[in-house]
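**Q** See data09.cif below, with mmCIF, C-alpha atoms.
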```
data_final
loop_
_atom_site.label_atom_id
_atom_site.label_comp_id
_atom_site.auth_asym_id
_atom_site.auth_seq_id
_atom_site.Cartn_x
_atom_site.Cartn_y
_atom_site.Cartn_z
CA MET A 1 -19.48 10.71 -27.51
CA GLU A 2 -15.82 11.43 -26.82
CA ILE A 3 -15.46 8.20 -24.83
CA LEU A 4 -17.26 6.21 -27.57
CA THR A 5 -15.01 7.73 -30.25
CA ARG A 6 -11.88 6.75 -28.36
CA GLU A 7 -13.13 3.17 -27.90
CA ILE A 8 -13.89 2.90 -31.64
CA GLU A 9 -10.38 4.12 -32.45
CA ASP A 10 -8.98 1.35 -30.25
CA LEU A 11 -10.73 -1.39 -32.22
CA ALA A 12 -8.42 -3.58 -34.29
CA GLY A 13 -8.94 -4.02 -38.04
CA ILE A 14 -7.13 -7.37 -38.27
CA GLU A 15 -7.30 -10.20 -35.75
CA SER A 16 -3.97 -11.93 -35.03
CA PHE A 17 -3.72 -15.12 -33.04
CA GLY A 18 -1.36 -17.92 -32.05
CA ARG A 19 -1.91 -21.42 -30.74
CA VAL A 20 -1.34 -23.06 -27.36
CA VAL A 21 1.49 -25.58 -27.78
CA GLY A 22 2.18 -26.45 -24.15
CA VAL A 23 1.13 -25.97 -20.52
CA ARG A 24 3.62 -26.38 -17.65
CA GLY A 25 2.00 -25.74 -14.31
CA LEU A 26 0.64 -22.21 -14.70
CA MET A 27 2.97 -21.40 -17.60
CA ILE A 28 1.30 -21.46 -21.04
CA GLU A 29 3.43 -21.73 -24.19
CA VAL A 30 2.05 -20.03 -27.29
CA SER A 31 3.41 -20.20 -30.84
CA GLY A 32 2.44 -17.87 -33.64
CA PRO A 33 3.26 -14.35 -34.81
CA LEU A 34 5.84 -13.51 -32.13
CA HIS A 35 6.69 -10.24 -33.86
CA ARG A 36 3.25 -8.98 -32.78
CA MET A 37 3.81 -9.93 -29.15
CA SER A 38 5.95 -8.25 -26.51
CA VAL A 39 6.60 -8.67 -22.82
CA GLY A 40 3.48 -7.37 -21.09
CA ALA A 41 1.24 -7.97 -24.12
CA ARG A 42 -2.24 -9.39 -23.49
CA LEU A 43 -3.66 -12.48 -25.16
CA SER A 44 -7.05 -14.08 -24.82
CA ILE A 45 -7.11 -17.88 -24.98
CA GLU A 46 -10.36 -19.37 -26.25
CA SER A 47 -11.24 -22.11 -23.78
CA GLY A 48 -14.33 -24.26 -24.01
CA ALA A 49 -14.92 -24.38 -20.23
CA GLN A 50 -14.07 -20.80 -19.21
CA GLY A 51 -14.91 -19.01 -22.45
CA GLN A 52 -11.97 -16.60 -22.59
CA VAL A 53 -8.87 -16.89 -20.38
CA PRO A 54 -6.85 -13.63 -20.38
CA VAL A 55 -3.09 -14.12 -20.16
CA GLU A 56 -0.02 -11.92 -20.24
CA VAL A 57 3.29 -12.51 -22.00
CA VAL A 58 6.12 -12.67 -19.44
CA GLY A 59 8.96 -13.97 -21.63
CA PHE A 60 10.07 -15.91 -24.72
CA GLU A 61 11.83 -19.23 -25.18
CA ASP A 62 12.60 -21.33 -28.28
CA GLU A 63 10.28 -19.46 -30.66
CA LYS A 64 7.45 -19.56 -28.12
CA ALA A 65 5.82 -16.90 -25.97
CA LEU A 66 5.64 -17.74 -22.26
CA CYS A 67 2.36 -16.56 -20.72
CA LEU A 68 0.78 -16.52 -17.28
CA PRO A 69 -3.01 -16.45 -16.75
CA PHE A 70 -5.27 -13.96 -15.01
CA GLY A 71 -7.75 -16.74 -14.24
CA ALA A 72 -8.21 -20.51 -14.00
CA LEU A 73 -6.82 -22.77 -16.73
CA GLU A 74 -9.58 -25.36 -16.75
CA GLY A 75 -10.52 -26.18 -20.33
CA VAL A 76 -7.28 -24.93 -21.92
CA ARG A 77 -5.93 -27.58 -24.31
CA MET A 78 -3.37 -27.99 -27.06
CA GLY A 79 -4.24 -25.98 -30.14
CA CYS A 80 -6.51 -23.42 -28.44
CA ARG A 81 -6.48 -20.07 -30.20
CA ALA A 82 -4.64 -17.28 -28.38
CA VAL A 83 -5.95 -14.00 -29.78
CA ILE A 84 -3.56 -11.07 -29.50
CA GLU A 85 -5.23 -8.00 -27.97
CA LEU A 86 -4.02 -4.62 -29.18
CA GLY A 87 -4.99 -2.85 -25.95
CA ASP A 88 -2.11 -1.58 -23.80
CA GLY A 89 -3.54 -2.75 -20.47
CA SER A 90 -4.95 0.67 -19.64
CA VAL A 91 -8.01 1.74 -17.62
CA ARG A 92 -10.33 4.74 -17.77
CA PRO A 93 -10.96 5.93 -14.20
CA SER A 94 -13.40 8.73 -13.47
CA ASP A 95 -14.94 10.55 -10.52
CA GLY A 96 -17.76 8.01 -10.71
CA TRP A 97 -15.40 5.37 -9.28
CA LEU A 98 -15.63 6.96 -5.84
CA GLY A 99 -17.42 4.72 -3.39
CA ARG A 100 -16.84 1.64 -5.54
CA VAL A 101 -15.00 -1.66 -5.06
CA VAL A 102 -13.20 -3.09 -8.10
CA ASN A 103 -10.98 -6.06 -8.90
CA ALA A 104 -7.48 -5.93 -10.40
CA LEU A 105 -8.89 -5.62 -13.93
CA GLY A 106 -10.94 -2.56 -12.99
CA ASP A 107 -14.27 -4.42 -13.06
CA PRO A 108 -16.82 -3.69 -10.29
CA ILE A 109 -17.34 -6.41 -7.68
CA ASP A 110 -19.71 -4.55 -5.35
CA GLN A 111 -22.97 -5.46 -7.15
CA ARG A 112 -23.75 -1.81 -7.81
CA GLY A 113 -23.78 -1.82 -11.60
CA PRO A 114 -21.18 -0.82 -14.20
CA LEU A 115 -18.54 1.83 -13.63
CA ILE A 116 -18.54 5.19 -15.36
CA ALA A 117 -15.59 5.21 -17.77
CA GLY A 118 -13.42 8.30 -18.02
CA ALA A 119 -12.39 10.05 -21.23
CA VAL A 120 -8.66 9.34 -20.94
CA ALA A 121 -7.08 5.88 -20.95
CA MET A 122 -4.33 5.63 -18.33
CA PRO A 123 -1.65 2.91 -18.59
CA LEU A 124 -1.26 0.63 -15.59
CA ARG A 125 2.53 0.90 -15.66
CA ARG A 126 2.82 4.64 -15.83
CA SER A 127 6.20 6.24 -15.11
CA PRO A 128 6.47 8.62 -12.14
CA PRO A 129 6.81 12.35 -12.85
CA PRO A 130 10.37 13.48 -13.73
CA ALA A 131 12.37 14.23 -10.59
CA GLY A 132 13.29 17.71 -11.80
CA GLU A 133 9.65 18.69 -12.34
CA ARG A 134 8.17 17.36 -9.12
CA MET A 135 7.03 19.70 -6.41
CA ARG A 136 8.36 19.35 -2.87
CA VAL A 137 6.29 17.68 -0.15
CA GLY A 138 3.62 19.96 1.26
CA GLU A 139 2.37 20.89 4.69
CA PRO A 140 1.70 18.30 7.41
CA ILE A 141 -1.33 16.13 6.72
CA ASP A 142 -3.74 15.30 9.54
CA LEU A 143 -3.96 11.50 9.76
CA GLY A 144 -6.38 11.49 12.69
CA VAL A 145 -4.17 9.08 14.70
CA ARG A 146 -2.46 10.66 17.73
CA ALA A 147 0.66 8.48 17.71
CA LEU A 148 1.40 9.22 14.05
CA ASN A 149 0.34 12.87 14.01
CA THR A 150 2.53 13.72 16.99
CA PHE A 151 5.61 11.49 16.78
CA ALA A 152 5.78 10.51 13.08
CA THR A 153 4.27 13.56 11.38
CA CYS A 154 3.55 12.94 7.70
CA CYS A 155 3.42 15.63 5.00
CA ARG A 156 1.34 15.76 1.83
CA GLY A 157 3.17 13.80 -0.84
CA GLN A 158 5.26 11.80 1.63
CA ARG A 159 5.58 8.01 1.41
CA MET A 160 5.66 5.98 4.61
CA GLY A 161 5.93 2.26 5.30
CA ILE A 162 3.99 0.46 8.04
CA PHE A 163 6.11 -2.51 9.12
CA ALA A 164 4.40 -5.24 11.14
CA GLY A 165 3.94 -8.97 11.49
CA SER A 166 0.63 -10.70 10.87
CA GLY A 167 -2.18 -10.05 13.36
CA VAL A 168 -0.68 -6.91 14.91
CA GLY A 169 -3.40 -4.51 13.72
CA LYS A 170 -2.31 -3.16 10.32
CA SER A 171 -5.77 -3.38 8.77
CA VAL A 172 -7.42 -1.53 11.67
CA LEU A 173 -4.79 1.21 11.48
CA LEU A 174 -5.40 1.54 7.73
CA SER A 175 -9.14 1.86 8.32
CA MET A 176 -8.52 4.66 10.82
CA LEU A 177 -6.33 6.47 8.30
CA ALA A 178 -8.95 6.05 5.56
CA ARG A 179 -11.76 7.40 7.77
CA TYR A 180 -10.00 10.26 9.55
CA CYS A 181 -7.24 11.53 7.22
CA SER A 182 -7.79 15.05 5.87
CA ALA A 183 -7.09 13.98 2.26
CA ASP A 184 -9.64 14.66 -0.49
CA VAL A 185 -9.69 11.11 -1.89
CA THR A 186 -8.52 7.75 -0.56
CA VAL A 187 -7.46 4.87 -2.81
CA ILE A 188 -7.08 1.54 -1.00
CA GLY A 189 -5.35 -1.47 -2.51
CA LEU A 190 -5.96 -4.82 -0.79
CA VAL A 191 -3.29 -6.99 -2.41
CA GLY A 192 -3.38 -10.67 -1.48
CA GLU A 193 -5.96 -10.04 1.25
CA ARG A 194 -7.93 -12.86 2.85
CA GLY A 195 -11.24 -13.14 1.03
CA ARG A 196 -13.18 -13.46 4.29
CA GLU A 197 -11.86 -10.15 5.57
CA VAL A 198 -12.69 -7.96 2.56
CA GLN A 199 -16.35 -7.37 3.46
CA GLU A 200 -15.46 -6.96 7.13
CA PHE A 201 -12.93 -4.27 6.25
CA ILE A 202 -15.31 -2.42 3.94
CA GLU A 203 -18.43 -2.58 6.14
CA ASP A 204 -17.06 -2.55 9.69
CA ASP A 205 -13.67 -0.83 9.52
CA LEU A 206 -14.06 1.55 6.59
CA GLY A 207 -17.79 2.25 6.98
CA GLU A 208 -20.13 4.16 4.70
CA ASP A 209 -18.49 7.54 5.29
CA GLY A 210 -15.02 6.22 4.57
CA LEU A 211 -16.12 4.32 1.47
CA ALA A 212 -17.95 7.36 0.06
CA ARG A 213 -14.67 9.15 -0.63
CA SER A 214 -12.65 6.02 -1.43
CA VAL A 215 -11.94 3.59 -4.24
CA VAL A 216 -11.08 0.05 -3.08
CA VAL A 217 -9.08 -2.33 -5.28
CA VAL A 218 -9.24 -5.99 -4.23
CA ALA A 219 -7.17 -9.02 -5.24
CA THR A 220 -7.54 -11.86 -2.74
CA SER A 221 -4.83 -14.35 -1.85
CA ASP A 222 -6.39 -17.14 -3.94
CA GLU A 223 -6.19 -15.17 -7.19
CA PRO A 224 -3.31 -15.70 -9.66
CA ALA A 225 -0.04 -13.84 -9.21
CA LEU A 226 -0.77 -11.58 -12.19
CA MET A 227 -4.00 -10.38 -10.58
CA ARG A 228 -2.26 -9.64 -7.28
CA ARG A 229 0.50 -7.72 -9.02
CA GLN A 230 -1.93 -5.83 -11.23
CA ALA A 231 -4.00 -4.80 -8.20
CA ALA A 232 -0.98 -2.82 -6.98
CA TYR A 233 -0.51 -1.19 -10.39
CA LEU A 234 -4.21 -0.32 -10.63
CA THR A 235 -4.19 1.22 -7.14
CA LEU A 236 -1.44 3.66 -8.14
CA THR A 237 -3.06 4.36 -11.51
CA ILE A 238 -6.35 5.39 -9.87
CA ALA A 239 -4.44 7.53 -7.35
CA GLU A 240 -2.61 9.22 -10.24
CA TYR A 241 -5.91 10.02 -11.95
CA PHE A 242 -7.22 11.92 -8.93
CA ARG A 243 -3.80 13.55 -8.38
CA ASP A 244 -3.88 14.84 -11.95
CA GLN A 245 -7.26 16.43 -11.16
CA GLY A 246 -5.56 18.45 -8.41
CA ALA A 247 -6.76 16.36 -5.45
CA ALA A 248 -4.78 15.54 -2.32
CA VAL A 249 -4.86 11.73 -2.50
CA LEU A 250 -4.17 9.25 0.30
CA CYS A 251 -2.98 5.93 -1.16
CA LEU A 252 -3.11 2.94 1.20
CA MET A 253 -1.77 -0.45 0.15
CA ASP A 254 -1.89 -3.69 2.12
CA SER A 255 0.58 -5.06 1.41
CA VAL A 256 3.75 -4.39 -0.58
CA THR A 257 5.12 -7.74 0.58
CA ARG A 258 2.36 -9.65 -1.19
CA PHE A 259 3.06 -7.63 -4.33
CA ALA A 260 6.70 -8.72 -4.06
CA MET A 261 5.64 -12.33 -3.53
CA ALA A 262 3.44 -12.18 -6.66
CA GLN A 263 6.35 -10.75 -8.66
CA ARG A 264 8.57 -13.53 -7.29
CA GLU A 265 6.10 -16.17 -8.54
CA ILE A 266 6.02 -14.53 -11.97
CA GLY A 267 9.80 -14.24 -12.16
CA LEU A 268 10.42 -17.85 -11.12
CA ALA A 269 7.84 -19.11 -13.62
CA ALA A 270 9.57 -17.11 -16.38
CA GLY A 271 12.92 -18.71 -15.51
CA GLU A 272 14.59 -15.97 -13.46
CA PRO A 273 17.23 -17.13 -10.98
CA PRO A 274 16.23 -16.87 -7.30
CA THR A 275 18.37 -14.64 -5.10
CA SER A 276 17.86 -13.57 -1.48
CA LYS A 277 15.11 -15.73 0.13
CA GLY A 278 14.02 -16.86 -3.31
CA TYR A 279 13.16 -13.35 -4.52
CA THR A 280 14.09 -12.77 -8.15
CA PRO A 281 15.99 -9.68 -9.40
CA THR A 282 12.86 -8.17 -10.96
CA VAL A 283 11.26 -7.92 -7.51
CA PHE A 284 13.82 -5.32 -6.47
CA THR A 285 13.46 -3.60 -9.85
CA GLU A 286 9.67 -3.36 -9.67
CA LEU A 287 9.48 -2.16 -6.04
CA PRO A 288 10.97 1.33 -6.68
CA ARG A 289 9.08 1.62 -9.98
CA LEU A 290 5.83 1.07 -8.06
CA LEU A 291 6.54 3.12 -4.94
CA GLU A 292 8.09 6.10 -6.76
CA ARG A 293 4.75 6.70 -8.47
CA ALA A 294 3.43 8.03 -5.16
CA GLY A 295 4.52 11.46 -3.99
CA PRO A 296 3.98 15.08 -5.00
CA GLY A 297 2.95 15.83 -8.56
CA THR A 298 4.18 18.53 -10.89
CA ALA A 299 3.03 22.16 -10.88
CA GLY A 300 -0.75 22.39 -11.04
CA GLN A 301 -1.28 18.84 -9.87
CA GLY A 302 -2.17 17.45 -6.47
CA SER A 303 -0.21 14.91 -4.47
CA ILE A 304 -0.27 11.24 -3.49
CA THR A 305 0.50 10.59 0.16
CA GLY A 306 1.36 6.90 0.30
CA LEU A 307 1.23 4.55 3.29
CA PHE A 308 2.29 1.04 2.38
CA THR A 309 2.20 -1.89 4.76
CA VAL A 310 5.08 -4.35 4.81
CA LEU A 311 4.39 -7.80 6.25
CA VAL A 312 7.60 -8.76 8.03
CA GLU A 313 8.01 -12.55 8.09
CA GLY A 314 8.61 -13.90 11.58
CA ASP A 315 8.68 -10.30 12.90
CA ASN A 316 12.08 -9.93 11.19
CA HIS A 317 12.27 -6.27 10.20
CA ASN A 318 15.49 -6.84 8.23
CA GLU A 319 14.19 -9.42 5.77
CA PRO A 320 14.89 -8.55 2.06
CA VAL A 321 11.61 -6.87 1.08
CA ALA A 322 11.39 -4.83 4.30
CA ASP A 323 15.00 -3.74 3.93
CA ALA A 324 14.49 -2.69 0.30
CA VAL A 325 11.24 -0.81 0.97
CA ARG A 326 12.72 1.01 3.97
CA GLY A 327 15.44 2.42 1.71
CA ILE A 328 12.91 3.63 -0.89
CA LEU A 329 10.30 5.32 1.30
CA ASP A 330 10.44 8.57 3.28
CA GLY A 331 9.99 7.01 6.70
CA HIS A 332 8.75 3.93 8.49
CA ILE A 333 6.19 3.15 11.18
CA VAL A 334 7.05 0.06 13.24
CA MET A 335 4.26 -1.97 14.85
CA GLU A 336 5.31 -4.59 17.41
CA ARG A 337 3.58 -7.71 18.63
CA ALA A 338 4.72 -7.19 22.24
CA ILE A 339 2.89 -3.84 22.36
CA ALA A 340 -0.27 -5.39 20.91
CA GLU A 341 -0.11 -8.24 23.42
CA ARG A 342 -0.31 -5.82 26.32
CA GLY A 343 -3.44 -4.26 24.84
CA ARG A 344 -2.24 -0.96 23.43
CA TYR A 345 -3.54 -0.19 19.93
CA PRO A 346 -2.38 0.94 17.48
CA ALA A 347 0.72 -1.05 18.49
CA VAL A 348 3.20 1.54 17.18
CA ASN A 349 6.70 1.62 18.63
CA ILE A 350 7.34 5.36 18.69
CA LEU A 351 11.05 5.05 19.39
CA LYS A 352 11.65 2.88 16.32
CA SER A 353 9.41 4.86 13.96
CA VAL A 354 10.91 7.62 11.82
CA SER A 355 9.47 10.30 9.56
CA ARG A 356 12.14 11.86 7.35
CA THR A 357 10.28 15.18 7.16
CA MET A 358 10.66 15.79 10.89
CA PRO A 359 11.53 18.06 12.61
CA ARG A 360 10.83 20.70 9.95
CA SER A 361 7.27 19.42 9.51
CA ILE A 362 6.22 20.33 13.08
CA PRO A 363 5.79 23.86 14.52
CA PRO A 364 9.03 25.11 16.11
CA GLU A 365 7.30 25.79 19.41
CA ARG A 366 6.20 22.13 19.59
CA ARG A 367 9.63 20.59 19.02
CA PRO A 368 10.74 20.72 22.69
CA LEU A 369 7.49 18.99 23.63
CA ILE A 370 8.11 16.08 21.23
CA ILE A 371 11.77 15.77 22.21
CA GLU A 372 10.95 15.64 25.92
CA ALA A 373 8.19 13.06 25.48
CA LYS A 374 10.43 10.77 23.42
CA ARG A 375 13.26 11.19 25.93
CA LEU A 376 10.98 10.13 28.78
CA MET A 377 9.68 7.13 26.84
CA SER A 378 13.25 6.12 25.99
CA THR A 379 14.28 6.43 29.65
CA TYR A 380 11.38 4.22 30.77
CA THR A 381 12.16 1.64 28.06
CA ASP A 382 15.81 1.45 29.14
CA MET A 383 14.84 0.88 32.79
CA GLU A 384 11.67 -1.17 32.16
CA GLU A 385 13.21 -4.53 33.04
CA LEU A 386 14.61 -3.25 36.34
CA ILE A 387 11.30 -1.57 37.18
CA ARG A 388 9.32 -4.78 36.56
CA LEU A 389 11.73 -6.81 38.68
CA GLY A 390 11.55 -4.27 41.50
CA ALA A 391 15.31 -3.68 41.30
CA TYR A 392 14.97 0.08 40.82
CA ARG A 393 14.67 2.14 43.98
CA ARG A 394 12.53 5.25 43.68
CA GLY A 395 14.58 8.39 44.23
CA SER A 396 17.75 7.04 42.64
CA SER A 397 17.24 9.21 39.53
CA PRO A 398 14.83 12.15 39.16
CA GLU A 399 14.69 11.51 35.41
CA VAL A 400 13.65 7.87 35.86
CA ASP A 401 11.16 8.83 38.59
CA ARG A 402 9.51 11.30 36.22
CA ALA A 403 9.45 8.74 33.39
CA ILE A 404 7.72 6.24 35.71
CA ALA A 405 5.19 8.80 36.86
CA LEU A 406 4.29 9.89 33.31
CA ASN A 407 4.32 6.46 31.68
CA PRO A 408 0.60 5.68 32.33
CA GLY A 409 -0.40 9.01 30.82
CA LEU A 410 1.81 8.55 27.76
CA GLU A 411 0.54 5.02 27.24
CA ALA A 412 -3.05 6.28 27.41
CA PHE A 413 -2.16 9.01 24.91
CA LEU A 414 -0.80 6.46 22.43
CA ASN A 415 -3.79 4.15 22.89
CA GLN A 416 -6.64 4.95 20.49
CA THR A 417 -9.70 2.96 19.42
CA LYS A 418 -10.73 2.76 15.79
CA ASP A 419 -13.82 4.90 16.48
CA ASP A 420 -11.75 7.70 18.01
CA SER A 421 -10.26 10.57 16.00
CA THR A 422 -7.82 13.23 17.19
CA ARG A 423 -6.88 16.26 15.14
CA LEU A 424 -3.24 17.30 14.70
CA ALA A 425 -3.33 20.39 16.91
CA GLU A 426 -5.42 18.61 19.55
CA GLY A 427 -2.75 15.93 19.88
CA TYR A 428 -0.09 18.50 20.79
CA GLU A 429 -2.37 20.02 23.42
CA LEU A 430 -3.12 16.64 25.02
CA LEU A 431 0.57 15.77 25.14
CA ALA A 432 1.43 19.14 26.69
CA LYS A 433 -1.10 18.55 29.50
CA ILE A 434 0.42 15.15 30.26
CA LEU A 435 3.94 16.56 30.55
CA GLU A 436 2.77 19.48 32.68
CA THR A 437 1.32 17.18 35.36
CA SER A 438 4.73 16.56 36.98
CA SER A 439 6.78 19.46 35.72
#
```
Written as structure tokens, that's how I'd like the structure from this file.

**A**
Amino acid sequence: MEILTREIEDLAGIESFGRVVGVRGLMIEVSGPLHRMSVGARLSIESGAQGQVPVEVVGFEDEKALCLPFGALEGVRMGCRAVIELGDGSVRPSDGWLGRVVNALGDPIDQRGPLIAGAVAMPLRRSPPPAGERMRVGEPIDLGVRALNTFATCCRGQRMGIFAGSGVGKSVLLSMLARYCSADVTVIGLVGERGREVQEFIEDDLGEDGLARSVVVVATSDEPALMRRQAAYLTLTIAEYFRDQGAAVLCLMDSVTRFAMAQREIGLAAGEPPTSKGYTPTVFTELPRLLERAGPGTAGQGSITGLFTVLVEGDNHNEPVADAVRGILDGHIVMERAIAERGRYPAVNILKSVSRTMPRSIPPERRPLIIEAKRLMSTYTDMEELIRLGAYRRGSSPEVDRAIALNPGLEAFLNQTKDDSTRLAEGYELLAKILETSS
């Protein structure tokens, strides 16, 4: 009854509408009562072919509202009514969303019936908790992946970026995190994902056990820019709902780059000037507003541990979006194509990956172990070219000899299949055994 009462209160007494006066590409121009519209307001255009086409106001020009659609424009013509919706673009998540797959509007797409609506409407563009009221990051969280647990330890409430080119194994790594992480709830946002891969990810990579404690938000690459952008907002909104219930939430998003590309399309359509690589200024405004929503909550709340993938174009880790995201997040995990090509997965470059909560996030007695292992890997990397060419003579340096001897064991330690899980403490023990073999 409480939910029904709230929905009745949201009903409008008077219907206001404008008229379509122009269509330029995907941009729809609407005239009418502009004083009742605002940037971000929702309108519903009555189209003969599609029924209702939802649109969003993204700007104003010459006494007209500029709108972008959430769907196809077939059937939209001059003079179509554009009804102004009084809703604030909010959703009502609940515990009944667990195990479900939804689109960017919060509608189910898994053929399992309607969703259970929650009692409280949550805005999609919610502000992060005030900095002065936020708790600090918590204890280390067990991600189930040896390479990350040991060398890039992540804490509850921390935000990390996964930087990689296409086809290097980001999706498989995300599925491992979703299945094996010790979080209470996982919220997964697939932003701009290939439509063919969605079912493969859910059924093969995530699996029934992983899906049972997850909510998956999907906006495929063929959907309009507004849908792709809103999928990112909805992912964080659902994560905030479970955080407010006191849960330790793992938020996975693939990828932030496609969110930035969607925002670029919206900005260019609204008339913003392009800047670096065509990205508009609002892209770099929206990125921190989105990513800052993850993190620890206030007293009495849970936390959102965020891992966001960044698709680096041409394997350039210094392109504008990657550079901006790296400065916002609390660490970065670098995946390299050269590592994947030699058959080691996940293809994480340990020496280039950084967690800003280390070393205080690892037990003091384990710090020498991590330092020694990274030193040996660095030594081998520095001499790798000479070793492959046969130019290094064994016995020239005891340090290099030890790095060569331990390299197969370290490589095997970092290699992990998607069906394999290693707990945090177990990873330290395995690494200690490797280093003891030639000590």

**Q** Could I get the residues of range 204-305 of chain A with an atom no further than 12 Å from an atom of range 129-146 of chain A, each paired with its nearest atom pair and that distance in Å to one decimal, using only C-alpha atoms, sorted by chain and residue number, as a Markdown table?

**A**
```
| residue | atom | partner | partner_atom | distance |
| --- | --- | --- | --- | --- |
| A:Glu240 | CA | A:Pro129 | CA | 10.3 |
| A:Arg243 | CA | A:Pro129 | CA | 11.6 |
| A:Asp244 | CA | A:Pro129 | CA | 11.0 |
| A:Ala248 | CA | A:Ile141 | CA | 9.7 |
| A:Val249 | CA | A:Ile141 | CA | 10.8 |
| A:Leu250 | CA | A:Leu143 | CA | 9.7 |
| A:Arg289 | CA | A:Pro129 | CA | 11.3 |
| A:Glu292 | CA | A:Pro129 | CA | 8.8 |
| A:Arg293 | CA | A:Pro129 | CA | 7.4 |
| A:Ala294 | CA | A:Pro129 | CA | 9.4 |
| A:Gly295 | CA | A:Val137 | CA | 7.5 |
| A:Pro296 | CA | A:Met135 | CA | 5.7 |
| A:Gly297 | CA | A:Arg134 | CA | 5.5 |
| A:Thr298 | CA | A:Arg134 | CA | 4.5 |
| A:Ala299 | CA | A:Met135 | CA | 6.5 |
| A:Gly300 | CA | A:Met135 | CA | 9.4 |
| A:Gln301 | CA | A:Met135 | CA | 9.0 |
| A:Gly302 | CA | A:Met135 | CA | 9.5 |
| A:Ser303 | CA | A:Val137 | CA | 8.3 |
| A:Ile304 | CA | A:Val137 | CA | 9.8 |
| A:Thr305 | CA | A:Ile141 | CA | 8.8 |
```

**Q** Could you list the residues chosen by the PyMOL selection byres ((chain A and resi 286) around 12) in this structure as an MDAnalysis selection string?

**A** chainID A and resid 125 127 229:230 232:233 256 259:264 266:267 279:285 287:293 321 324:325 328

**Q** Could you tell me, as an mmCIF file with C-alpha atoms, in the coordinates of the input, exactly which residues end up selected when the PyMOL selection byres ((chain A and resi 308) around 10) is applied to this structure?

**A**
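Contents of selection.cif, freshly written:
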```
data_model
loop_
_atom_site.group_PDB
_atom_site.id
_atom_site.type_symbol
_atom_site.label_atom_id
_atom_site.label_comp_id
_atom_site.auth_asym_id
_atom_site.auth_seq_id
_atom_site.Cartn_x
_atom_site.Cartn_y
_atom_site.Cartn_z
ATOM 1 C CA ARG A 159 5.580 8.010 1.410
ATOM 2 C CA MET A 160 5.660 5.980 4.610
ATOM 3 C CA GLY A 161 5.930 2.260 5.300
ATOM 4 C CA ILE A 162 3.990 0.460 8.040
ATOM 5 C CA PHE A 163 6.110 -2.510 9.120
ATOM 6 C CA LEU A 174 -5.400 1.540 7.730
ATOM 7 C CA ILE A 188 -7.080 1.540 -1.000
ATOM 8 C CA GLY A 189 -5.350 -1.470 -2.510
ATOM 9 C CA CYS A 251 -2.980 5.930 -1.160
ATOM 10 C CA LEU A 252 -3.110 2.940 1.200
ATOM 11 C CA MET A 253 -1.770 -0.450 0.150
ATOM 12 C CA ASP A 254 -1.890 -3.690 2.120
ATOM 13 C CA SER A 255 0.580 -5.060 1.410
ATOM 14 C CA VAL A 256 3.750 -4.390 -0.580
ATOM 15 C CA THR A 257 5.120 -7.740 0.580
ATOM 16 C CA LEU A 291 6.540 3.120 -4.940
ATOM 17 C CA THR A 305 0.500 10.590 0.160
ATOM 18 C CA GLY A 306 1.360 6.900 0.300
ATOM 19 C CA LEU A 307 1.230 4.550 3.290
ATOM 20 C CA THR A 309 2.200 -1.890 4.760
ATOM 21 C CA VAL A 310 5.080 -4.350 4.810
ATOM 22 C CA LEU A 311 4.390 -7.800 6.250
ATOM 23 C CA VAL A 325 11.240 -0.810 0.970
ATOM 24 C CA LEU A 329 10.300 5.320 1.300
ATOM 25 C CA HIS A 332 8.750 3.930 8.490
ATOM 26 C CA ILE A 333 6.190 3.150 11.180
#
```

**Q** Got a sec: who's within 9 Å of Glu313 in chain A, counting all atoms listed in the file, leaving out chain neighbours fewer than 3 positions off, as a PyMOL selection string?

**A** chain A and resi 164-166+316-317+319

**Q** Counting all atoms listed in the file, which of A:His35, A:Arg394, A:Arg179, A:Lys352 gets nearest to Lys418 in chain A?

**A**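 Ranked by minimum distance to Lys418 in chain A, first place goes to A:Arg179.
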